[in-house]
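Engineer: Just dropping this structure here.
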Amino acid sequence: MMADGMPKGYRFLPDPDEIAAAVLKRPTWAVLALILAIELFTQEHYKKSIEPDANLSALFKDLFLFHLKEETTHAIMDELEWPREDSKLTPVERDSSVRELIGLVADVDGILQKQSAEDVDYFLSHCRRRFSDDEIHRIKKRVLGAYRWQYIFSGVEHPRFKTLLEKLTTDEQRQRINSALATLS
Ligand SMILES: [Fe+2]
């Protein structure tokens with residue numbers, strides 16, 4: 001929708017229906033974990049980048065404030081739903097759900113890698129300045145890092161996510177999750 005008002009050439013590569021179908025193939029436990037991370041990072045995004053910005057329009061800020069309030073309710077529901085789903089699982093099922101959660105995060109990262117590279121190319125095609133190959137490489141790295149922070153780390157490193165994950169998983173399972181995350185940072 002925004003692309004209509006932007007300079008030509010913007011492409012949003014992920015297909016939302018394909019992603020939804022891929023996510024829903026995963027076990028509910030892993031999907032609920034991802035959803036909680038998303039509901040939390042959405043709130044972090046507002047708190048860190050919208051609320052403190054004095055240059056944004058009051059109406060724009062207000063819209064996102066009400067979105068944050070909605071997400072607050074969603075996160076509270078996730079914190080009830082995820083343990084409820086967890087209580088239905090055997091240790092073997094939970095362990096495979098942990099593996100699936102790691103797979104889901106890798107899928108998210110695949111999307112971020114593609115879209116961040118695409119967004120930098122779009123930026124470069126419209127920016128009047130020329131950049132060296134080294135600068136382009138650094139811009140791509142930074143943008144990917146920023147996307148990973150926004151869409152993965154600000155959720156999974158959120159204290160509320162960590163607290164609940166700690167209750168639902170063993171040390172060994174969390175170690176697996178953390179080493180998978182470490183490859184992205
Ligand atoms: Fe939500």
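Chain labels follow the order of the structure tokens: the first chain is A, the next B, and so on; residue numbering restarts at 1 in every chain, and ligands are counted from 1 in their shown order.
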Collect all residues with atoms no farther than 10 Å from ligand 1, counting only C-alpha atoms and all ligand atoms, and output them as a list in words.
Structural biologist: Ile35, Leu36, Ile38, Glu39, Leu40, Thr42, Gln43, His67, Leu68, Lys69, Glu70, Glu71, Thr72, Thr73, His74, Ala75, Met77 and Asp78 of chain A
Engineer: Any chance you could export the current selection's C-alpha atoms as a compact mmCIF listing (two decimals), in the first residue's frame?
Structural biologist:
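So selection.txt came out as:
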# COMPACT_ATOMS: atom_id res chain seq x y z
CA ILE A 35 3.60 -14.85 18.43
CA LEU A 36 4.52 -13.78 21.97
CA ILE A 38 6.09 -10.54 17.98
CA GLU A 39 3.54 -8.99 20.35
CA LEU A 40 6.41 -7.93 22.63
CA THR A 42 5.79 -4.52 18.49
CA GLN A 43 5.51 -2.79 21.86
CA HIS A 67 -1.88 -0.26 18.63
CA LEU A 68 0.51 -0.76 21.55
CA LYS A 69 -2.45 -0.99 23.93
CA GLU A 70 -3.98 -3.68 21.75
CA GLU A 71 -0.69 -5.57 21.65
CA THR A 72 -0.44 -5.39 25.43
CA THR A 73 -3.67 -7.38 25.69
CA HIS A 74 -2.47 -9.83 23.05
CA ALA A 75 0.80 -10.46 24.88
CA MET A 77 -3.21 -13.71 26.30
CA ASP A 78 -0.12 -15.33 24.76
Engineer: Residues of region 68-122 of chain A that have any atom at most 10 Å from an atom of region 149-165 of chain A: could you tabulate them with the shortest-distance atom pair and the distance in Å to one decimal, using only C-alpha atoms, ordered by chain and increasing number, as a Markdown table?
Structural biologist:
| residue | atom | partner | partner_atom | distance |
| --- | --- | --- | --- | --- |
| A:Ala75 | CA | A:Arg160 | CA | 9.5 |
| A:Glu79 | CA | A:Leu164 | CA | 7.5 |
| A:Trp82 | CA | A:Leu164 | CA | 8.8 |
| A:Pro83 | CA | A:Leu164 | CA | 8.2 |
| A:Val105 | CA | A:Ile152 | CA | 7.4 |
| A:Ala106 | CA | A:Ile152 | CA | 9.9 |
| A:Val108 | CA | A:Ile152 | CA | 7.9 |
| A:Asp109 | CA | A:Ile152 | CA | 8.0 |
| A:Leu112 | CA | A:Tyr151 | CA | 8.2 |
Engineer: Hey, can you spit out that residue selection with N, CA and C atoms as a compact mmCIF listing (two decimals), in the first residue's frame?
Structural biologist:
# COMPACT_ATOMS: atom_id res chain seq x y z
N ALA A 75 -0.35 -9.82 24.22
CA ALA A 75 0.80 -10.46 24.88
C ALA A 75 0.36 -11.16 26.18
N GLU A 79 0.76 -15.12 26.99
CA GLU A 79 1.42 -15.63 28.21
C GLU A 79 0.53 -16.64 28.95
N TRP A 82 0.39 -19.96 25.88
CA TRP A 82 1.61 -20.75 25.63
C TRP A 82 1.81 -21.81 26.73
N PRO A 83 1.77 -21.41 28.05
CA PRO A 83 1.90 -22.45 29.09
C PRO A 83 0.76 -23.47 29.05
N VAL A 105 12.43 -19.39 13.64
CA VAL A 105 13.29 -18.19 13.72
C VAL A 105 14.21 -18.14 12.49
N ALA A 106 14.69 -19.31 12.06
CA ALA A 106 15.53 -19.35 10.86
C ALA A 106 14.73 -18.91 9.63
N VAL A 108 12.20 -16.78 9.68
CA VAL A 108 12.07 -15.32 9.81
C VAL A 108 13.36 -14.68 9.31
N ASP A 109 14.48 -15.26 9.72
CA ASP A 109 15.76 -14.68 9.31
C ASP A 109 15.96 -14.74 7.79
N LEU A 112 14.23 -11.84 6.43
CA LEU A 112 14.95 -10.59 6.73
C LEU A 112 16.17 -10.43 5.82
Engineer: Using only C-alpha atoms, pick whichever of A:Ala182, A:Leu168, A:Val143, A:Ala3 has the shortest atom-to-atom distance to Arg94 (chain A).
Structural biologist: A:Leu168
Engineer: Please provide the set of residues having any atom within 12 Å of region 14-20 of chain A, restricted to only C-alpha atoms, with same-chain residues fewer than 4 positions apart removed, written as a VMD selection string.
Structural biologist: chain A and resid 24 to 26 31 104 107 to 116 118
Engineer: Which residue out of A:Met1, A:Tyr122, A:Tyr46, A:Ala117 has the minimum interatomic distance to Gly145 (chain A) when only C-alpha atoms are used?
Structural biologist: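 That would be A:Ala117, the residue with the smallest distance to Gly145 (chain A).
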Engineer: Which value, in Å to one decimal, gives the distance between CA of Ile136 (chain A) and CA of Phe123 (chain A)?
Structural biologist: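 Separating CA of Ile136 (chain A) from CA of Phe123 (chain A) is a distance of 10.6 Å.
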Engineer: Near Leu89 (chain A), within 10 Å and counting only C-alpha atoms, which residues show up once chain neighbours fewer than 6 positions away are dropped, as an mmCIF file with C-alpha atoms, in the first residue's frame?
Structural biologist:
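Written output follows (out.cif):
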data_model
loop_
_atom_site.group_PDB
_atom_site.id
_atom_site.type_symbol
_atom_site.label_atom_id
_atom_site.label_comp_id
_atom_site.auth_asym_id
_atom_site.auth_seq_id
_atom_site.Cartn_x
_atom_site.Cartn_y
_atom_site.Cartn_z
ATOM 1 C CA TRP A 29 3.817 -24.500 20.979
ATOM 2 C CA ASP A 95 11.673 -31.090 22.623
ATOM 3 C CA SER A 97 8.664 -28.072 19.431
#
Engineer: Can you tell me how far CA of Asp4 (chain A) sits from CA of Tyr147 (chain A), in Å to one decimal?
Structural biologist: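 CA of Asp4 (chain A) sits 22.7 Å away from CA of Tyr147 (chain A).
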Engineer: Which parts of region 7-183 of chain A does DSSP call helix (DSSP H, G or I) when run on the backbone here, written out as an NGL selection string?
Structural biologist: :A and (16-24 or 28-50 or 58-86 or 91-126 or 133-156 or 159-168 or 171-182)
Engineer: Which residue, A:Ala30, A:Leu144, A:Asp133, A:Ile50, has the smallest gap to Val120 (chain A) when you use only C-alpha atoms?
Structural biologist: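 That would be A:Leu144, the residue with the smallest distance to Val120 (chain A).
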Engineer: Could you list, as a ChimeraX atom specification, every residue within 10 Å of Ser179 (chain A), counting only C-alpha atoms and ignoring same-chain residues fewer than 5 positions away?
Structural biologist: /A:102,174,184
Engineer: So the first atom is CA of Ala37 (chain A) and the second is CA of Leu101 (chain A); what is the distance between them in Å, to one decimal place?
Structural biologist: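 Going from CA of Ala37 (chain A) over to CA of Leu101 (chain A) covers 11.4 Å.
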